[in-house]
$ cat data-v6.csv   # CSV, C-alpha atoms
chain,number,residue,atom,x,y,z
A,23,MET,CA,-20.5,-5.5,-53.9
A,24,ILE,CA,-21.2,-9.1,-52.9
A,25,SER,CA,-17.5,-9.9,-52.6
A,26,SER,CA,-17.0,-6.8,-50.5
A,27,LEU,CA,-19.8,-7.9,-48.2
A,28,LYS,CA,-18.4,-11.4,-47.9
A,29,LYS,CA,-15.0,-10.0,-47.0
A,30,GLN,CA,-16.6,-8.0,-44.2
A,31,LYS,CA,-18.4,-11.1,-43.0
A,32,GLU,CA,-15.1,-13.0,-42.9
A,33,ARG,CA,-13.5,-10.3,-40.9
A,34,LEU,CA,-16.4,-10.4,-38.4
A,35,ASP,CA,-16.1,-14.2,-38.1
A,36,VAL,CA,-12.3,-13.7,-37.4
A,37,ALA,CA,-13.2,-11.1,-34.7
A,38,LEU,CA,-15.8,-13.4,-33.1
A,39,ARG,CA,-13.3,-16.3,-33.0
A,40,SER,CA,-10.7,-13.9,-31.5
A,41,LEU,CA,-13.2,-12.8,-28.9
A,42,ALA,CA,-14.0,-16.4,-28.0
A,43,LYS,CA,-10.3,-17.1,-27.4
A,44,SER,CA,-10.0,-14.0,-25.2
A,45,ILE,CA,-13.0,-15.0,-23.1
A,46,LYS,CA,-11.6,-18.5,-22.7
A,47,ALA,CA,-8.1,-17.1,-21.8
A,48,GLY,CA,-9.7,-14.7,-19.3
A,49,THR,CA,-8.1,-11.6,-20.9
A,50,ILE,CA,-11.4,-9.7,-21.2
A,51,THR,CA,-14.1,-9.0,-18.6
A,52,ALA,CA,-17.5,-10.7,-18.8
A,53,ALA,CA,-19.2,-7.3,-19.2
A,54,ASN,CA,-16.9,-6.1,-22.0
A,55,ALA,CA,-17.1,-9.5,-23.7
A,56,GLU,CA,-20.9,-9.4,-23.6
A,57,THR,CA,-21.0,-5.9,-25.1
A,58,LYS,CA,-18.5,-6.7,-27.8
A,59,LEU,CA,-20.2,-10.0,-28.7
A,60,ALA,CA,-23.6,-8.2,-29.1
A,61,GLU,CA,-22.0,-5.6,-31.3
A,62,LEU,CA,-20.2,-8.1,-33.5
A,63,ARG,CA,-23.3,-10.3,-33.9
A,64,THR,CA,-25.5,-7.2,-34.8
A,65,LYS,CA,-23.0,-6.2,-37.5
A,66,LYS,CA,-22.8,-9.8,-38.8
A,67,MET,CA,-26.6,-10.1,-39.0
A,68,GLU,CA,-26.8,-6.9,-41.0
A,69,ILE,CA,-24.0,-8.0,-43.5
A,70,GLU,CA,-25.8,-11.4,-43.9
A,71,ARG,CA,-29.1,-9.5,-44.6
A,72,LEU,CA,-27.4,-7.4,-47.3
A,73,ILE,CA,-25.8,-10.5,-48.9
A,74,ALA,CA,-29.2,-12.2,-49.0
A,75,LEU,CA,-30.7,-9.1,-50.7
A,76,ALA,CA,-27.9,-9.0,-53.2
A,77,HIS,CA,-28.6,-12.7,-54.1
A,78,LYS,CA,-32.3,-12.2,-54.5
A,79,PRO,CA,-33.2,-13.5,-57.9
A,80,GLU,CA,-34.7,-11.1,-60.5
A,81,ASP,CA,-38.0,-12.0,-62.0
A,82,THR,CA,-37.2,-12.4,-65.7
A,83,ARG,CA,-40.5,-13.8,-66.7
A,84,GLU,CA,-42.1,-12.3,-69.8
A,85,THR,CA,-45.8,-11.6,-70.2
A,86,ARG,CA,-47.3,-14.0,-72.6
A,87,SER,CA,-50.9,-14.2,-73.9
A,88,MET,CA,-52.7,-16.5,-76.3
A,89,GLY,CA,-55.1,-15.0,-78.8
A,90,SER,CA,-58.7,-16.0,-78.5
A,91,GLY,CA,-58.7,-17.3,-82.0
A,92,GLU,CA,-55.7,-19.6,-81.3
A,93,LEU,CA,-57.3,-20.8,-78.0
A,94,SER,CA,-60.7,-21.4,-79.8
A,95,LYS,CA,-58.9,-23.3,-82.6
A,96,ALA,CA,-57.1,-25.5,-80.1
A,97,MET,CA,-60.3,-26.3,-78.2
A,98,LYS,CA,-62.1,-27.3,-81.4
A,99,GLU,CA,-59.2,-29.5,-82.5
A,100,LYS,CA,-58.9,-30.9,-78.9
A,101,ARG,CA,-55.2,-30.3,-79.1
A,102,SER,CA,-53.1,-30.2,-75.9
A,103,ILE,CA,-51.2,-27.0,-75.1
A,104,THR,CA,-47.8,-27.6,-73.6
A,105,LEU,CA,-44.8,-25.4,-72.8
A,106,ASN,CA,-42.4,-27.3,-75.0
A,107,GLY,CA,-39.4,-25.7,-73.3
A,108,THR,CA,-40.8,-22.1,-73.5
A,109,GLY,CA,-41.5,-21.8,-69.7
A,110,ALA,CA,-39.8,-19.2,-67.6
A,111,ILE,CA,-37.1,-20.4,-65.3
A,112,ASN,CA,-36.3,-18.7,-62.0
A,113,GLN,CA,-32.7,-19.8,-61.2
A,114,ILE,CA,-31.7,-19.4,-57.5
A,115,HIS,CA,-28.1,-18.2,-57.0
A,116,GLU,CA,-27.6,-19.7,-53.5
A,117,LEU,CA,-26.4,-23.2,-52.9
A,118,ALA,CA,-28.8,-25.2,-50.7
A,119,LYS,CA,-26.9,-27.6,-48.5
A,120,GLU,CA,-28.1,-30.6,-46.5
A,121,LEU,CA,-28.4,-30.1,-42.8
A,122,GLN,CA,-25.6,-31.7,-40.7
A,123,ALA,CA,-25.4,-32.5,-37.0
A,124,LYS,CA,-24.1,-29.7,-34.8
A,125,THR,CA,-20.6,-30.0,-33.2
A,126,PRO,CA,-21.0,-28.7,-29.7
A,127,ILE,CA,-17.9,-30.5,-28.2
A,128,LEU,CA,-15.5,-29.3,-30.9
A,129,LYS,CA,-15.5,-25.6,-29.9
A,130,GLN,CA,-15.0,-26.3,-26.2
A,131,VAL,CA,-12.0,-28.7,-26.0
A,132,LYS,CA,-8.5,-27.3,-25.6
A,133,CYS,CA,-6.9,-26.5,-28.9
A,134,PHE,CA,-3.1,-26.2,-29.6
A,135,TYR,CA,-2.5,-24.2,-32.8
A,136,GLY,CA,0.7,-23.9,-34.8
A,137,PRO,CA,2.8,-25.6,-37.5
A,138,ASN,CA,4.2,-28.2,-35.1
A,139,ALA,CA,5.1,-31.7,-35.9
A,140,SER,CA,3.9,-32.6,-32.4
A,141,THR,CA,2.8,-31.0,-29.2
A,142,ASN,CA,3.9,-32.2,-25.7
A,143,ILE,CA,1.6,-31.4,-22.8
A,144,PRO,CA,3.2,-31.6,-19.3
A,145,ILE,CA,1.1,-33.7,-16.9
A,146,LEU,CA,1.5,-34.2,-13.2
A,147,SER,CA,-0.2,-37.5,-12.5
A,148,PRO,CA,-0.5,-38.7,-9.9
A,149,SER,CA,-0.2,-35.6,-7.8
A,150,ILE,CA,1.6,-35.4,-4.5
A,151,ALA,CA,0.2,-37.3,-1.6
A,152,ILE,CA,-1.9,-35.7,1.2
A,153,PRO,CA,0.6,-33.9,3.5
A,154,GLY,CA,1.1,-35.1,7.1
A,155,ASN,CA,1.7,-33.0,10.2
A,156,TYR,CA,5.1,-33.0,12.0
A,157,ALA,CA,6.4,-31.7,15.3
A,158,GLU,CA,8.4,-28.5,15.5
A,159,GLY,CA,11.9,-29.0,14.4
A,160,ALA,CA,11.2,-32.4,12.8
A,161,THR,CA,14.2,-33.8,10.8
A,162,THR,CA,12.7,-37.0,9.5
A,163,ILE,CA,10.2,-35.6,7.0
A,164,ALA,CA,9.9,-38.1,4.2
A,165,ALA,CA,10.1,-36.9,0.6
A,166,ASP,CA,7.0,-37.4,-1.6
A,167,THR,CA,7.3,-40.5,-3.8
A,168,GLN,CA,3.9,-40.4,-5.4
A,169,ALA,CA,4.0,-37.4,-7.8
A,170,THR,CA,5.1,-38.1,-11.3
A,171,LEU,CA,5.7,-35.6,-14.1
A,172,GLY,CA,5.2,-36.8,-17.6
A,173,ASN,CA,3.7,-35.6,-20.9
A,174,LYS,CA,1.1,-36.4,-23.4
A,175,THR,CA,2.0,-36.0,-27.1
A,176,ILE,CA,-0.3,-34.9,-29.8
A,177,THR,CA,1.0,-35.7,-33.3
A,178,PRO,CA,-1.0,-34.1,-36.1
A,179,TYR,CA,-1.7,-36.2,-39.2
A,180,SER,CA,-3.0,-35.1,-42.6
A,181,TYR,CA,-6.7,-35.1,-43.3
A,182,ILE,CA,-7.6,-34.7,-47.0
A,183,SER,CA,-10.8,-34.4,-48.9
A,184,LEU,CA,-10.8,-34.4,-52.8
A,185,LEU,CA,-13.8,-33.0,-54.5
A,186,PRO,CA,-14.1,-33.2,-58.4
A,187,ILE,CA,-16.2,-30.4,-60.0
A,188,SER,CA,-17.1,-30.4,-63.7
A,189,ALA,CA,-16.1,-27.5,-66.0
A,190,GLU,CA,-19.8,-26.8,-66.7
A,191,ALA,CA,-20.6,-26.5,-62.9
A,192,LEU,CA,-17.7,-24.1,-62.4
A,193,ASN,CA,-18.2,-21.9,-65.5
A,194,LEU,CA,-21.8,-22.2,-66.5
A,195,GLY,CA,-23.7,-22.6,-63.2
A,196,SER,CA,-25.5,-19.8,-61.5
A,197,VAL,CA,-23.9,-20.6,-58.2
A,198,ASN,CA,-20.3,-19.5,-57.3
A,199,ILE,CA,-19.5,-23.0,-56.1
A,200,GLU,CA,-15.8,-22.3,-55.8
A,201,GLY,CA,-16.6,-19.5,-53.3
A,202,GLU,CA,-18.7,-22.0,-51.3
A,203,LEU,CA,-15.9,-24.6,-51.0
A,204,PRO,CA,-14.2,-23.2,-47.7
A,205,VAL,CA,-17.5,-23.6,-45.9
A,206,ILE,CA,-18.3,-27.0,-47.5
A,207,PHE,CA,-14.9,-28.4,-46.6
A,208,SER,CA,-14.8,-26.9,-43.1
A,209,ASP,CA,-18.2,-28.3,-42.2
A,210,ALA,CA,-17.0,-31.8,-43.4
A,211,PHE,CA,-13.8,-31.6,-41.4
A,212,ALA,CA,-15.6,-30.4,-38.3
A,213,GLN,CA,-18.0,-33.4,-38.5
A,214,GLY,CA,-15.1,-35.8,-38.7
A,215,PHE,CA,-13.1,-34.2,-35.9
A,216,HIS,CA,-16.1,-33.9,-33.6
A,217,ASN,CA,-16.8,-37.6,-34.0
A,218,GLY,CA,-13.2,-38.4,-33.5
A,219,ILE,CA,-13.1,-36.5,-30.2
A,220,LEU,CA,-16.1,-38.5,-28.9
A,221,THR,CA,-15.6,-42.0,-30.3
A,222,GLY,CA,-12.2,-42.2,-32.0
A,223,ASN,CA,-10.4,-45.5,-31.2
A,224,GLY,CA,-6.9,-44.0,-30.9
A,225,THR,CA,-5.3,-46.6,-33.1
A,226,GLY,CA,-3.0,-45.8,-36.0
A,227,ARG,CA,-3.6,-42.2,-37.1
A,228,ASN,CA,-7.1,-41.9,-35.5
A,229,PHE,CA,-8.2,-39.5,-32.8
A,230,LYS,CA,-8.4,-40.9,-29.3
A,231,GLY,CA,-12.0,-40.4,-28.2
A,232,ILE,CA,-13.4,-39.6,-24.8
A,233,PHE,CA,-15.8,-42.5,-24.6
A,234,PRO,CA,-13.3,-45.3,-25.5
A,235,SER,CA,-10.7,-43.7,-23.1
A,236,ILE,CA,-12.7,-44.1,-19.9
A,237,ILE,CA,-10.6,-46.4,-17.7
A,238,GLU,CA,-12.3,-49.4,-15.9
A,239,ALA,CA,-11.9,-47.9,-12.5
A,240,ASN,CA,-13.9,-44.8,-13.5
A,241,GLN,CA,-16.8,-46.8,-15.1
A,242,ILE,CA,-20.0,-46.5,-13.1
A,243,GLU,CA,-22.4,-49.4,-13.7
A,244,CYS,CA,-26.1,-48.8,-14.1
A,245,ALA,CA,-28.2,-50.3,-11.3
A,246,ALA,CA,-30.4,-52.3,-13.6
A,247,SER,CA,-30.0,-53.8,-17.1
A,248,GLY,CA,-31.2,-52.1,-20.2
A,249,ALA,CA,-31.4,-48.3,-20.6
A,250,PRO,CA,-30.0,-46.1,-17.8
A,251,LYS,CA,-32.4,-44.6,-15.3
A,252,MET,CA,-32.5,-41.1,-13.9
A,253,ALA,CA,-30.8,-42.4,-10.7
A,254,ASP,CA,-27.9,-43.6,-12.7
A,255,LEU,CA,-27.4,-40.2,-14.3
A,256,VAL,CA,-27.6,-38.6,-10.9
A,257,ARG,CA,-24.8,-40.8,-9.6
A,258,LEU,CA,-22.6,-39.8,-12.5
A,259,ALA,CA,-23.4,-36.1,-12.0
A,260,LEU,CA,-22.6,-36.3,-8.3
A,261,THR,CA,-19.3,-38.1,-9.0
A,262,ILE,CA,-18.0,-35.4,-11.3
A,263,GLN,CA,-19.5,-32.6,-9.2
A,264,ASP,CA,-17.3,-33.7,-6.3
A,265,LEU,CA,-14.2,-33.3,-8.4
A,266,THR,CA,-14.7,-30.1,-10.4
A,267,ASP,CA,-17.1,-27.2,-10.9
A,268,GLU,CA,-16.4,-27.3,-14.7
A,269,GLY,CA,-17.7,-30.8,-15.4
A,270,VAL,CA,-20.1,-31.7,-18.1
A,271,ILE,CA,-22.0,-34.9,-19.1
A,272,ILE,CA,-22.1,-35.9,-22.7
A,273,LEU,CA,-25.1,-37.9,-23.9
A,274,HIS,CA,-26.6,-39.1,-27.2
A,275,SER,CA,-30.1,-37.6,-27.6
A,276,SER,CA,-31.7,-41.1,-27.9
A,277,VAL,CA,-30.1,-42.2,-24.5
A,278,TYR,CA,-31.4,-38.9,-23.1
A,279,SER,CA,-34.9,-39.7,-24.3
A,280,GLN,CA,-34.8,-43.2,-22.7
A,281,ILE,CA,-33.7,-41.6,-19.4
A,282,MET,CA,-36.5,-39.1,-19.6
A,283,ALA,CA,-38.9,-42.1,-20.2
A,284,ASP,CA,-37.9,-43.5,-16.8
A,285,ALA,CA,-41.2,-44.4,-15.1
A,286,THR,CA,-39.8,-43.7,-11.6
A,287,THR,CA,-41.8,-40.8,-10.0
A,288,GLY,CA,-41.1,-38.5,-7.1
A,289,VAL,CA,-37.6,-37.1,-7.0
A,290,ALA,CA,-36.9,-38.4,-10.5
A,291,ASP,CA,-39.7,-36.0,-11.8
A,292,LEU,CA,-37.8,-33.0,-10.3
A,293,TYR,CA,-34.6,-34.0,-12.0
A,294,LYS,CA,-36.5,-34.4,-15.3
A,295,GLU,CA,-38.0,-30.9,-15.0
A,296,ALA,CA,-34.5,-29.4,-14.4
A,297,LEU,CA,-33.1,-31.3,-17.4
A,298,ILE,CA,-35.8,-30.2,-19.7
A,299,ARG,CA,-35.6,-26.6,-18.6
A,300,ASP,CA,-31.8,-26.0,-18.1
A,301,LYS,CA,-30.1,-29.2,-19.4
A,302,ARG,CA,-28.4,-29.5,-16.1
A,303,ILE,CA,-28.4,-32.1,-13.4
A,304,GLU,CA,-27.1,-31.5,-9.8
A,305,GLY,CA,-25.5,-28.3,-11.3
A,306,VAL,CA,-23.6,-30.3,-14.0
A,307,ALA,CA,-24.3,-29.2,-17.6
A,308,VAL,CA,-25.6,-31.9,-20.0
A,309,ILE,CA,-24.5,-31.8,-23.6
A,310,LEU,CA,-26.6,-33.7,-26.2
A,311,THR,CA,-25.0,-34.8,-29.4
A,312,SER,CA,-25.7,-37.4,-32.0
A,313,GLY,CA,-21.9,-38.0,-32.1
A,314,ALA,CA,-22.0,-39.8,-28.8
A,315,PRO,CA,-22.5,-43.6,-28.7
A,316,ASN,CA,-26.1,-44.8,-28.2
A,317,SER,CA,-25.8,-48.6,-27.8
A,318,ILE,CA,-27.4,-49.9,-24.6
A,319,THR,CA,-26.0,-53.5,-24.8
A,320,ALA,CA,-24.4,-54.7,-21.6
A,321,GLY,CA,-21.0,-53.1,-21.0
A,322,SER,CA,-21.6,-50.0,-23.2
A,323,VAL,CA,-20.5,-46.6,-22.1
A,324,VAL,CA,-23.6,-44.4,-22.6
A,325,ALA,CA,-22.6,-41.2,-20.9
A,326,ALA,CA,-19.2,-39.5,-20.3
A,327,ALA,CA,-18.5,-36.9,-17.6
A,328,GLY,CA,-15.4,-34.7,-17.2
A,329,ARG,CA,-13.9,-31.4,-18.0
A,330,LEU,CA,-13.6,-30.5,-21.7
A,331,MET,CA,-10.3,-28.8,-21.0
A,332,ASP,CA,-9.0,-32.3,-20.3
A,333,TYR,CA,-9.2,-33.1,-24.0
A,334,GLY,CA,-6.5,-31.7,-26.3
A,335,MET,CA,-6.7,-31.2,-30.0
A,336,GLY,CA,-3.7,-30.2,-32.2
A,337,LEU,CA,-4.2,-28.2,-35.4
A,338,ALA,CA,-0.9,-27.7,-37.3
A,339,SER,CA,-2.5,-25.6,-40.1
A,340,GLU,CA,-5.6,-24.0,-41.4
A,341,ILE,CA,-7.5,-25.7,-44.3
A,342,THR,CA,-5.7,-25.3,-47.6
A,343,ILE,CA,-7.6,-25.8,-50.8
A,344,ASP,CA,-5.6,-26.6,-54.0
A,345,PRO,CA,-7.3,-26.8,-57.5
A,346,ILE,CA,-5.8,-29.7,-59.5
A,347,LYS,CA,-6.1,-30.3,-63.2
A,348,ARG,CA,-5.5,-33.6,-64.9
A,349,PRO,CA,-4.6,-34.1,-68.6
A,350,GLY,CA,-7.6,-35.3,-70.6
A,351,ASP,CA,-10.0,-34.6,-67.7
A,352,SER,CA,-12.5,-31.7,-67.8
A,353,ASN,CA,-13.0,-31.8,-64.1
A,354,THR,CA,-11.2,-29.6,-61.6
A,355,TYR,CA,-10.2,-31.5,-58.4
A,356,PHE,CA,-10.3,-29.4,-55.3
A,357,GLN,CA,-8.1,-31.0,-52.7
A,358,ALA,CA,-8.5,-29.7,-49.1
A,359,THR,CA,-5.8,-30.5,-46.5
A,360,ILE,CA,-5.5,-29.9,-42.8
A,361,PHE,CA,-3.2,-31.5,-40.2
A,362,ALA,CA,-4.9,-32.4,-36.9
A,363,ASN,CA,-5.2,-34.9,-34.1
A,364,GLY,CA,-6.8,-35.2,-30.7
A,365,THR,CA,-6.5,-37.1,-27.4
A,366,THR,CA,-7.6,-37.2,-23.8
A,367,ILE,CA,-5.0,-35.4,-21.8
A,368,ILE,CA,-5.5,-37.3,-18.5
A,369,ASP,CA,-7.7,-40.4,-18.9
A,370,LYS,CA,-8.3,-40.6,-15.1
A,371,ASN,CA,-10.2,-37.3,-15.3
A,372,TRP,CA,-13.0,-38.9,-17.3
A,373,TYR,CA,-15.9,-40.9,-15.9
A,374,GLY,CA,-18.5,-43.0,-17.7
A,375,LEU,CA,-21.9,-44.5,-17.1
A,376,VAL,CA,-21.9,-48.2,-18.3
A,377,THR,CA,-25.0,-50.3,-19.0
A,378,LYS,CA,-25.4,-53.5,-17.0
$ encode --input "data-v6.csv" --output "structure tokens"
Amino acid sequence: MISSLKKQKERLDVALRSLAKSIKAGTITAANAETKLAELRTKKMEIERLIALAHKPEDTRETRSMGSGELSKAMKEKRSITLNGTGAINQIHELAKELQAKTPILKQVKCFYGPNASTNIPILSPSIAIPGNYAEGATTIAADTQATLGNKTITPYSYISLLPISAEALNLGSVNIEGELPVIFSDAFAQGFHNGILTGNGTGRNFKGIFPSIIEANQIECAASGAPKMADLVRLALTIQDLTDEGVIILHSSVYSQIMADATTGVADLYKEALIRDKRIEGVAVILTSGAPNSITAGSVVAAAGRLMDYGMGLASEITIDPIKRPGDSNTYFQATIFANGTTIIDKNWYGLVTK
């Protein structure tokens, strides 16, 4: 029964991901998407409730009593009464996992799926110059020499995680740990990719992150040294708002806290109220994540602003998990592999707030 419920849950997860892609692609109306999303979430909650009930441990404790004579004798002899291994054990059948940071950026960047050795993204940068006006019948109109058509290449590289599990844990444990491996590995890969999208140095086989990619011309220096102030964040928000309606600002929560601690009153208080309530400033969404850098030493980029669709991630495969046995070794090694990479598509489209 549990395996059937888990399969139903997996199908619902696939349907939710498919719906998310349809929403992003604009192939479904907002009203239909909202109705379908609510329906899928309701079904998923019910399946998760049934799975939790199926996993509920049975109370296998036996009723034990000690005769009054035995208890009286023990008291007279001043002996200690101990369990000596006879105590009941209530074994939980669910695997408790350590909480990990959320990955809010990972699900919003542009993803290119498929078993491709590389993905080339066409880029028009710079665009054509601002057109001029000409008299009727003009024959001396100059051709545009500014526009350049190029491409950005994403080359997926292998990411591998190798987890040894003992024979005892696999065969004698109360937890179906092998069944938990897809979630365990996917969470680990998600953490790594999310951090790479934000702070990857782009060298060798590493992701090229948003924060290190902000060009010098797009770096907005804070007005004063130390932690950024609310006025600095407003400048960054107005800069990206002038360019796109789909811009976001990415901040580490500790940097956000320091901005909120700005002692400036008046207009700054209004911005603080809006940030607390809506996580928006001048209409620009603010995303908080511990994956963003939080150093406030001079010259550090502490906030990035841009469109998340201007970051591309290539996934050449889904996660494959292979069990590996070694001669003379009782462990089973589960090797998870996925091919991925990520890069900013147009560096000029990203802006950053830099400490002074």
$ atom_distance --input "data-v6.csv" --atom1 "CA of Gly231 (chain A)" --atom2 "CA of Ala151 (chain A)"
29.4 Å
$ residues_around --input "data-v6.csv" --residues "Ile145 (chain A)" --least-positions-apart "2" --cutoff "12 Å" --atoms "all atoms listed in the file" --output "list in words"
Asn142, Ile143, Ser147, Pro148, Ser149, Ala169, Thr170, Leu171, Gly172, Asn173, Lys174, Thr175, Asp332, Thr366, Ile367, Ile368, Asp369, Lys370 and Asn371 of chain A
$ atom_distance --input "data-v6.csv" --atom1 "CA of Ser25 (chain A)" --atom2 "CA of Thr125 (chain A)"
28.1 Å
$ residues_around --input "data-v6.csv" --residues "Thr377 (chain A)" --least-positions-apart "6" --cutoff "7 Å" --atoms "only C-alpha atoms" --output "list in words"
Glu243, Cys244, Ser247, Gly248, Ala249, Pro250, Ile318, Thr319, Ala320, Gly321, Ser322 and Val323 of chain A
$ closest_residue --input "data-v6.csv" --among "A:Glu202, A:Tyr373, A:Thr57, A:Leu185" --to "Ala326 (chain A)" --atoms "all atoms listed in the file"
A:Tyr373
$ residues_near_point --input "data-v6.csv" --point "(-1.6, -33.7, -35.5)" --cutoff "9 Å" --atoms "all atoms listed in the file" --output "ChimeraX atom specification"
/A:138-141,176-180,227,335-338,361-364
$ atom_distance --input "data-v6.csv" --atom1 "CA of Leu220 (chain A)" --atom2 "CA of Ile127 (chain A)"
8.2 Å
$ closest_residue --input "data-v6.csv" --among "A:Thr261, A:Asn193, A:Ser183, A:Thr287" --to "Ile303 (chain A)" --atoms "only C-alpha atoms"
A:Thr261
$ closest_residue --input "data-v6.csv" --among "A:Ala253, A:Arg302, A:Ala191, A:Leu310" --to "Val289 (chain A)" --atoms "only C-alpha atoms"
A:Ala253
$ residues_around --input "data-v6.csv" --residues "region 271-277 of chain A" --least-positions-apart "2" --cutoff "6 Å" --atoms "all atoms listed in the file" --output "mmCIF file with C-alpha atoms, in the coordinates of the input"
data_model
loop_
_atom_site.group_PDB
_atom_site.id
_atom_site.type_symbol
_atom_site.label_atom_id
_atom_site.label_comp_id
_atom_site.auth_asym_id
_atom_site.auth_seq_id
_atom_site.Cartn_x
_atom_site.Cartn_y
_atom_site.Cartn_z
ATOM 1 C CA SER A 279 -34.900 -39.700 -24.300
ATOM 2 C CA GLN A 280 -34.800 -43.200 -22.700
ATOM 3 C CA VAL A 308 -25.600 -31.900 -20.000
ATOM 4 C CA ILE A 309 -24.500 -31.800 -23.600
ATOM 5 C CA LEU A 310 -26.600 -33.700 -26.200
ATOM 6 C CA THR A 311 -25.000 -34.800 -29.400
ATOM 7 C CA SER A 312 -25.700 -37.400 -32.000
ATOM 8 C CA ALA A 314 -22.000 -39.800 -28.800
ATOM 9 C CA ASN A 316 -26.100 -44.800 -28.200
ATOM 10 C CA ALA A 325 -22.600 -41.200 -20.900
ATOM 11 C CA ALA A 326 -19.200 -39.500 -20.300
ATOM 12 C CA ALA A 327 -18.500 -36.900 -17.600
#
$ residues_around --input "data-v6.csv" --residues "Val131 (chain A)" --least-positions-apart "6" --cutoff "6 Å" --atoms "only C-alpha atoms" --output "PDB file with C-alpha atoms, in the coordinates of the input"
ATOM      1  CA  LEU A 330     -13.600 -30.500 -21.700  1.00  0.00           C
ATOM      2  CA  MET A 331     -10.300 -28.800 -21.000  1.00  0.00           C
ATOM      3  CA  TYR A 333      -9.200 -33.100 -24.000  1.00  0.00           C
TER       4      TYR A 333
END
$ residues_around --input "data-v6.csv" --residues "region 355-359 of chain A" --least-positions-apart "6" --cutoff "6 Å" --atoms "only C-alpha atoms" --output "list in words"
Tyr181, Ile182, Ser183, Leu184, Leu185, Pro186, Ile341, Thr342, Ile343, Asp344, Pro345 and Ile346 of chain A
$ closest_residue --input "data-v6.csv" --among "A:Ala212, A:Lys301, A:Thr225, A:Gly328" --to "Gln263 (chain A)" --atoms "all atoms listed in the file"
A:Gly328
$ closest_residue --input "data-v6.csv" --among "A:Gln130, A:Ser188, A:Asn198, A:Asn54" --to "Gly334 (chain A)" --atoms "all atoms listed in the file"
A:Gln130
$ closest_residue --input "data-v6.csv" --among "A:Ile232, A:Ile281, A:Ala245, A:Val270" --to "Pro315 (chain A)" --atoms "all atoms listed in the file"
A:Ile232
$ decode --input "data-v6.csv" --residues "region 350-361 of chain A" --atoms "N, CA, C and O atoms" --output "PDB file, in the first residue's frame"
ATOM      1  N   GLY A 350      35.062  -8.020  -1.077  1.00  0.00           N
ATOM      2  CA  GLY A 350      35.582  -7.915   0.277  1.00  0.00           C
ATOM      3  C   GLY A 350      35.071  -6.738   1.069  1.00  0.00           C
ATOM      4  O   GLY A 350      35.604  -6.403   2.127  1.00  0.00           O
ATOM      5  N   ASP A 351      34.014  -6.080   0.581  1.00  0.00           N
ATOM      6  CA  ASP A 351      33.463  -4.884   1.236  1.00  0.00           C
ATOM      7  C   ASP A 351      31.976  -5.110   1.446  1.00  0.00           C
ATOM      8  O   ASP A 351      31.231  -5.336   0.486  1.00  0.00           O
ATOM      9  N   SER A 352      31.532  -5.057   2.700  1.00  0.00           N
ATOM     10  CA  SER A 352      30.113  -5.303   2.988  1.00  0.00           C
ATOM     11  C   SER A 352      29.226  -4.103   2.696  1.00  0.00           C
ATOM     12  O   SER A 352      28.002  -4.212   2.744  1.00  0.00           O
ATOM     13  N   ASN A 353      29.827  -2.950   2.429  1.00  0.00           N
ATOM     14  CA  ASN A 353      29.040  -1.759   2.111  1.00  0.00           C
ATOM     15  C   ASN A 353      28.522  -1.824   0.673  1.00  0.00           C
ATOM     16  O   ASN A 353      29.132  -2.453  -0.201  1.00  0.00           O
ATOM     17  N   THR A 354      27.412  -1.158   0.449  1.00  0.00           N
ATOM     18  CA  THR A 354      26.938  -0.897  -0.912  1.00  0.00           C
ATOM     19  C   THR A 354      27.132   0.584  -1.164  1.00  0.00           C
ATOM     20  O   THR A 354      26.697   1.417  -0.361  1.00  0.00           O
ATOM     21  N   TYR A 355      27.794   0.909  -2.273  1.00  0.00           N
ATOM     22  CA  TYR A 355      28.081   2.306  -2.595  1.00  0.00           C
ATOM     23  C   TYR A 355      27.058   2.788  -3.618  1.00  0.00           C
ATOM     24  O   TYR A 355      26.982   2.260  -4.734  1.00  0.00           O
ATOM     25  N   PHE A 356      26.276   3.777  -3.219  1.00  0.00           N
ATOM     26  CA  PHE A 356      25.280   4.336  -4.133  1.00  0.00           C
ATOM     27  C   PHE A 356      25.872   5.594  -4.767  1.00  0.00           C
ATOM     28  O   PHE A 356      26.167   6.575  -4.081  1.00  0.00           O
ATOM     29  N   GLN A 357      26.063   5.527  -6.071  1.00  0.00           N
ATOM     30  CA  GLN A 357      26.695   6.627  -6.806  1.00  0.00           C
ATOM     31  C   GLN A 357      25.630   7.373  -7.609  1.00  0.00           C
ATOM     32  O   GLN A 357      25.011   6.822  -8.517  1.00  0.00           O
ATOM     33  N   ALA A 358      25.418   8.629  -7.243  1.00  0.00           N
ATOM     34  CA  ALA A 358      24.439   9.477  -7.938  1.00  0.00           C
ATOM     35  C   ALA A 358      25.173  10.406  -8.893  1.00  0.00           C
ATOM     36  O   ALA A 358      26.154  11.043  -8.525  1.00  0.00           O
ATOM     37  N   THR A 359      24.683  10.486 -10.130  1.00  0.00           N
ATOM     38  CA  THR A 359      25.342  11.276 -11.174  1.00  0.00           C
ATOM     39  C   THR A 359      24.324  12.151 -11.894  1.00  0.00           C
ATOM     40  O   THR A 359      23.200  11.712 -12.179  1.00  0.00           O
ATOM     41  N   ILE A 360      24.722  13.377 -12.169  1.00  0.00           N
ATOM     42  CA  ILE A 360      23.917  14.280 -12.990  1.00  0.00           C
ATOM     43  C   ILE A 360      24.872  15.195 -13.752  1.00  0.00           C
ATOM     44  O   ILE A 360      25.983  15.462 -13.293  1.00  0.00           O
ATOM     45  N   PHE A 361      24.469  15.625 -14.934  1.00  0.00           N
ATOM     46  CA  PHE A 361      25.310  16.494 -15.761  1.00  0.00           C
ATOM     47  C   PHE A 361      24.652  17.883 -15.814  1.00  0.00           C
ATOM     48  O   PHE A 361      23.495  18.008 -16.232  1.00  0.00           O
TER      49      PHE A 361
END
